[in-house]
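*Asks:* Mind looking over this structure? Questions follow.
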Amino acid sequence: MAVIDYMDPALAPGERAKLLLPKLTMGEKVGQLNQRLYGFHSYMRTGDALLPSPDFVEEVKRCGGLGVLYGLFRADPWSQRDFTNGLVGTLARQAYNMLQGIVLDHSRFGIPMLLSSECPHGHLALGGYLLPVNLAVGATFHPKLLGKAAAICGLQLREAGVNLALVSMLDILRDPRWGRSEECFGEDPYHASAFAKELVMAIQSQGVGVVAKHFCAQGETTGGLNASAARIGERELREIHLPVVEACCQVGVTGVMAAYNEVDGIFCHANRALLTDLLRGEYGFRGVVMADGCAIDELMVMTGDLEQAAAVALHAGLDISLWDEAFSRLEHAVERGLVREEAIDQAVLRVLTLKFAQGLFERPFLPEDRAQSDYSYTRFPQSLQLARESAVLLKNEKRILPLAPRKGDPIHIAVIGPAADDLYRQLGDYPPPLAPNEGVTIWKSMQRLAPPWVEVEYAQGCAQGQEDANELLEAAVGLAQQSDVVVLVLGGSSSRFEEGARFAANGAAAIETGGSVLMDCGEGVDLAGLTLPNGQTAVFEAVLRTGKPLTTVVIAGRPYAIPRIAEQSDGLLYCFYPGPMGGQAVAEILYGIVSPSGRLPVSLPRSPAQLPVYYNTKNSYRSRHYSDLPDSPLFCFGAGFGYGELHYQDFVLSARTISLEDLAHTPLTIRFRVHNVGARDDIAVPQLYVRLLRGSTVRRTRELKAFVRLLVPSGECVNGQLSLGVESFGGWNPRMEFVAEPGEAMLYLMDSDRLLWSGALVLTGREMPLRLEKP
């Protein structure tokens with residue numbers, strides 16, 4: 001009779017894991033849950049020579065192998081790796097094989113390690129293919145384009161031997177003071193879910209597992225502070241923060257990373273109701289749950305010691321640690337009776353199953369003789385296209401844009417501002433160092449793309465910490481006075497490449513209040529106010545006084561409160577960090593080579609004192625009104641327009657009354673036509689919102705339920721259609737059951753924050769359950 005062996009590739013990964021698990025000692029099992037090391041410290045490089053670090057070898061010996069290695073290829077100011085001492089090309093593959101070989105040599109059963117790597121907006125590695133940040137991607141309202149771009153990232157990750165891509169996608173932006181605003185797709189759960197699903201499917205289609213982060217409600221915050229409490233109940237959690245997690249589970253996401261924050265008094269890393277009952281029970285998740293950096297150790301504020309912290313996290317549902325000490329003590333926790341061995345077995349089984357599914361036992365090494373692949377932005381223009389589609393035109397008085405649309409009298413353009421010629425201000429938080437030929441700034445792109453009759457000159461305008469600040473300002477004003485038109489490029493910075501930048505143990509920025517570092521956004525950089533930093537307001541006022549036609553471009557990782565800039569600028573283009581090719585994209589839009597087509601994925605406040613200003617507030621706020629500010633945000637979710645002139649017409653709703661039972665089988669549709677009477681091609685982004693007027697709980701004033709992008713050539717008319725299923729009318733009733741209730745609803749078709757059409761709808765029949773009962 002043949003002996004069934006865990007090395008038999010004909011068996012399913014889960015079956016192979018079950019055969020291997022009983023062979024392991026408790027120490028080896030705990031080692032499989034270990035991701036304690038910083039991978040970028042696991043090797044030493046001298047020239048082209050590589051050696052393993054003593055700490056890596058000692059850890060592998062202690063664990064009898066290794067579960068997961070984090071960030072081997074990471075290069076940035078925190079890791080202190082760059083082109084002189086980091087890993088790229090053949091060296092990267094050699095380092096991977098060297099470390100994997102050490103792991104296999106010290107594992108009694110030849111269990112390879114998994115490799116995880118950050119992919120916040122592209123691979124955080126030397127030569128990584130980078131995208132605009134999530135908030136910029138959300139402004140495109142084009143999830144399929146993100147899928148095409150993310151597939152390139154997935155291909156690059158796979159070739160590097162990465163098994164798990166750690167990707168931000170679960171956070172919903174509810175307070176723009178939060179430094180990690182840029183990691184969110186926006187403020188709406190339906191909109192974010194559409195992007196998150198495409199992102200997961202694209203990367204995983206290349207054979208790389210996605211660990212979606214952060215779970216959950218980290219974007220809620222208290223006062224915009226990172227890792228602060230989400231002081232909300234289950235209903236708000238389910239309506240706003242959980243839909244995107246469920247969407248990722250529906251497309252088979254490989255992993256989920258727990259968030260630092262607590263929800264209603266329980267840390268996410270210690271919350272069994274979230275990590276096990278909801279995620280695995282209700283959503284059917286079958287992957288691995290990973291801790292965020294050092295977060296298990298931080299549970300000591302509850303438990304008082306590391307072993308109890310490890311026990312709490314394991315019991316909650318965590319499988320894999322990250323940089324913490326606690327999980328390495330799980331064997332002692334078992335001896336103390338804090339943890340059952342069966343609980344450890346369950347977590348180890350998931351890790352082993354993933355290793356078998358990744359094919360690591362059959363292919364533990366990378367080919368070192370393979371030629372370096374070309375991941376240039378020329379070969380793969382998807383990053384540039386995302387940047388083009390992400391720019392949001394919010395104002396265009398007197399049609400100041402596009403600049404120099406046709407040949408005529410010579411025109412002199414002054415490009416002023418610190419964000420115009422600083423590549424790292426375009427990239428967002430957590431980028432790698434770029435090679436000299438990677439990326440392009442706005443100023444250099446405006447130079448390169450300028451028509452022959454256009455002269456372009458640049459002045460920085462301001463720079464914090466420089467003694468010649470007055471000279472910079474005077475030079476900028478002088479240039480503006482000599483010019484025909486001014487493009488003022490202002491904004492924030494998540495650049496970690498500033499002199500004096502400091503970082504915490506988990507990689508977050510540690511910025512001192514009143515310090516000289518330019519970074520004003522990113523993890524660890526939360527703001528009390530939302531004004532532009534580093535003297536930029538003074539530059540704006542000085543340039544404004546010249547009386548020259550003024551277009552302001554804002555490059556940002558969050559919404560800023562810029563009411564005066566919006567009021568006084570003739571043109572306003574808002575660009576969330578557009579990535580390495582963002583400079584070209586912005587220049588193309590300013591010159592009219594490309595029409596802007598982005599829509600705001602998050603509302604811009606008039607003042608931080610007005611927060612929150614997200615569009616989908618509860619309908620209970622009937623008296624929501626400040627006596628000293630208008631009720632509305634400065635610009636609302638969905639705002640933005642292009643260079644065409646779009647007219648919506650011929651609206652047809654498929655039914656005015658429909659039973660819930662019929663709606664479950666036949667979607668409700670609204671058809672319309674969009675006519676572009678302008679001289680330039682344009683993009684329409686119709687958005688369909690629902691407002692339930694009757695129900696057993698308080699609903700929201702509007703909820704986005706469908707959207708689409710439509711190309712409308714100049715002078716042409718195109719047909720559009722949006723559909724709603726029965727789930728579009730669902731809500732959580734007083735018993736916390738997701739149901740569709742009979743009653744009245746209003747539908748709103750909008751674009752550019754303009755109401756195009758509205759219609760009443762009557763839903764008949766009985767209450768319809770839309771989910772299985774919660775376990």
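Letters A, B, ... go to the chains of the structure tokens in the order shown; residues in each chain start at 1; ligands are counted from 1 in the same order.
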If you count only C-alpha atoms, which residues fall within 6 Å of Asp526 in chain A, apart from same-chain ones fewer than 3 positions away, as a list in words?

*Replies:* Arg177, Trp178, Gly179 and Leu225 of chain A

*Asks:* Can you pull out every residue within 10 Å of Glu727 in chain A, counting only C-alpha atoms, but drop anything in the same chain fewer than 3 positions away, and send it as a list in words?

*Replies:* Leu660, Leu663, Ala664, Lys705, Leu724, Gly730, Gly731, Phe738, Val739, Ala740, Met768, Pro769, Leu770 and Arg771 of chain A

*Asks:* Take the residues from that selection and write them out as a compact mmCIF listing (two decimals), in the first residue's frame, keeping all heavy atoms.

*Replies:*
```
# COMPACT_ATOMS: atom_id res chain seq x y z
N LEU A 660 -39.78 43.95 -4.18
CA LEU A 660 -38.46 43.50 -3.80
C LEU A 660 -38.15 42.13 -4.40
O LEU A 660 -37.00 41.86 -4.79
CB LEU A 660 -38.34 43.44 -2.27
CG LEU A 660 -38.42 44.79 -1.55
CD1 LEU A 660 -38.46 44.59 -0.04
CD2 LEU A 660 -37.22 45.66 -1.93
N LEU A 663 -37.15 42.71 -7.94
CA LEU A 663 -35.86 43.38 -7.99
C LEU A 663 -34.71 42.41 -7.73
O LEU A 663 -33.59 42.61 -8.20
CB LEU A 663 -35.84 44.51 -6.96
CG LEU A 663 -34.67 45.50 -7.00
CD1 LEU A 663 -34.56 46.16 -8.37
CD2 LEU A 663 -34.84 46.56 -5.92
N ALA A 664 -34.99 41.35 -6.98
CA ALA A 664 -33.96 40.34 -6.72
C ALA A 664 -33.58 39.57 -7.97
O ALA A 664 -32.50 38.98 -8.03
CB ALA A 664 -34.44 39.38 -5.63
N LYS A 705 -24.39 53.96 -5.28
CA LYS A 705 -24.69 52.56 -5.57
C LYS A 705 -24.26 52.13 -6.98
O LYS A 705 -24.30 50.94 -7.28
CB LYS A 705 -26.20 52.31 -5.41
CG LYS A 705 -26.70 52.50 -3.98
CD LYS A 705 -26.02 51.55 -3.00
CE LYS A 705 -26.53 51.73 -1.59
NZ LYS A 705 -25.85 50.83 -0.63
N LEU A 724 -29.38 48.93 -10.62
CA LEU A 724 -29.45 48.71 -9.18
C LEU A 724 -30.12 47.37 -8.91
O LEU A 724 -31.20 47.10 -9.44
CB LEU A 724 -30.25 49.82 -8.49
CG LEU A 724 -29.74 51.25 -8.64
CD1 LEU A 724 -30.73 52.22 -8.00
CD2 LEU A 724 -28.37 51.40 -8.01
N GLY A 730 -30.51 47.65 0.49
CA GLY A 730 -30.41 46.94 1.76
C GLY A 730 -29.92 47.83 2.89
O GLY A 730 -29.30 48.88 2.67
N GLY A 731 -30.18 47.39 4.09
CA GLY A 731 -29.72 48.09 5.28
C GLY A 731 -29.79 47.17 6.48
O GLY A 731 -30.39 46.09 6.43
N PHE A 738 -29.19 42.18 7.68
CA PHE A 738 -29.13 42.94 6.44
C PHE A 738 -30.33 42.58 5.59
O PHE A 738 -30.46 41.45 5.09
CB PHE A 738 -27.84 42.64 5.69
CG PHE A 738 -27.56 43.61 4.58
CD1 PHE A 738 -27.34 44.96 4.83
CD2 PHE A 738 -27.51 43.17 3.27
CE1 PHE A 738 -27.07 45.85 3.81
CE2 PHE A 738 -27.24 44.05 2.22
CZ PHE A 738 -27.03 45.40 2.51
N VAL A 739 -31.24 43.54 5.42
CA VAL A 739 -32.51 43.29 4.75
C VAL A 739 -32.85 44.44 3.82
O VAL A 739 -32.34 45.56 3.95
CB VAL A 739 -33.65 43.11 5.77
CG1 VAL A 739 -33.38 41.94 6.72
CG2 VAL A 739 -33.88 44.40 6.58
N ALA A 740 -33.71 44.15 2.87
CA ALA A 740 -34.35 45.20 2.06
C ALA A 740 -35.78 45.33 2.56
O ALA A 740 -36.50 44.34 2.68
CB ALA A 740 -34.34 44.82 0.59
N MET A 768 -37.12 41.57 2.93
CA MET A 768 -36.38 40.47 2.30
C MET A 768 -34.98 40.37 2.91
O MET A 768 -34.18 41.30 2.82
CB MET A 768 -36.24 40.72 0.79
CG MET A 768 -35.39 39.69 0.07
SD MET A 768 -35.32 39.97 -1.72
CE MET A 768 -37.00 39.53 -2.16
N PRO A 769 -34.66 39.23 3.54
CA PRO A 769 -33.29 39.03 4.04
C PRO A 769 -32.30 38.97 2.87
O PRO A 769 -32.56 38.33 1.86
CB PRO A 769 -33.37 37.69 4.77
CG PRO A 769 -34.82 37.45 5.01
CD PRO A 769 -35.55 38.11 3.88
N LEU A 770 -31.17 39.65 3.03
CA LEU A 770 -30.16 39.69 1.98
C LEU A 770 -28.87 39.00 2.40
O LEU A 770 -27.91 38.96 1.63
CB LEU A 770 -29.86 41.14 1.59
CG LEU A 770 -31.05 41.93 1.08
CD1 LEU A 770 -30.64 43.37 0.79
CD2 LEU A 770 -31.64 41.29 -0.17
N ARG A 771 -28.82 38.48 3.61
CA ARG A 771 -27.68 37.74 4.12
C ARG A 771 -28.19 36.54 4.88
O ARG A 771 -29.29 36.55 5.43
CB ARG A 771 -26.82 38.58 5.08
CG ARG A 771 -26.13 39.75 4.45
CD ARG A 771 -24.89 39.33 3.67
NE ARG A 771 -24.08 40.49 3.34
CZ ARG A 771 -24.35 41.33 2.36
NH1 ARG A 771 -25.41 41.15 1.60
NH2 ARG A 771 -23.55 42.38 2.12
```

*Asks:* Write out as a list in words all residues of range 19-159 of chain A that DSSP puts in strand (DSSP E) for this structure's backbone.

*Replies:* Tyr43, Met44, Arg45, Thr46, Ala49, Leu50, Leu51, Pro52, Val68, Leu69, Tyr70, Leu114, Leu115, Ser116, Ser117 and Glu118 of chain A

*Asks:* Measure the distance from CA of Gly71 in chain A to CA of Ser116 in chain A in Å and round it to one decimal.

*Replies:*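 According to the coordinates, CA of Gly71 in chain A and CA of Ser116 in chain A are separated by 6.0 Å.
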
*Asks:* Can you list, as a compact mmCIF listing (two decimals) with C-alpha atoms, in the first residue's frame, every protein, DNA or RNA residue that comes within 10 Å of Ala504 in chain A when you count only C-alpha atoms, leaving out same-chain residues fewer than 4 positions away?

*Replies:*
```
# COMPACT_ATOMS: atom_id res chain seq x y z
CA TRP A 78 13.80 53.84 7.21
CA ALA A 508 6.01 55.41 10.83
CA ALA A 509 7.40 58.91 10.60
CA ALA A 510 8.28 60.56 13.90
CA ILE A 511 7.90 64.26 13.16
CA GLY A 524 2.64 59.26 11.79
```

*Asks:* For the contact check between range 319-382 of chain A and range 53-65 of chain A, emit one row per residue of range 319-382 of chain A within 12 Å, containing the shortest atom pair and the distance in Å rounded to one decimal, counting only C-alpha atoms, chain then rising number order, as a tab-separated table.

*Replies:*
```
residue	atom	partner	partner_atom	distance
A:Phe327	CA	A:Cys63	CA	11.8
A:Ser328	CA	A:Cys63	CA	8.8
A:Arg329	CA	A:Cys63	CA	11.2
A:Leu330	CA	A:Cys63	CA	11.9
A:Glu331	CA	A:Cys63	CA	11.1
```

*Asks:* Please, what distance in Å, to one decimal, runs between CA of Tyr643 in chain A and CA of Ile562 in chain A?

*Replies:*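 Taking CA of Tyr643 in chain A and CA of Ile562 in chain A, their separation equals 22.9 Å.
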
*Asks:* May I ask which of the residues A:Ala501, A:Val690, A:Ile344, A:Leu449 is the closest one to Gln584 in chain A, counting only C-alpha atoms?

*Replies:*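 Of the candidates, the smallest distance to Gln584 in chain A is held by A:Leu449.
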
*Asks:* Residues within 12 Å of Ala745 in chain A, please, as a ChimeraX atom specification. Count only C-alpha atoms; anything in the same chain fewer than 5 positions from it doesn't count.

*Replies:* /A:656-658,689-695,699-703,728-730,740,758-764

*Asks:* Which one of A:Gly317, A:Gly27, A:Gly128, A:Gly86 sits closest to Gly67 in chain A if you count only C-alpha atoms?

*Replies:*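 Selected residue with least distance to Gly67 in chain A: A:Gly27.
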
*Asks:* What's around Cys268 in chain A at 10 Å? Count only C-alpha atoms, leave out sequence neighbours fewer than 2 positions away in its own chain, and write the answer as a VMD selection string.

*Replies:* chain A and resid 214 to 218 257 to 266 270 to 275 291 295 313 316
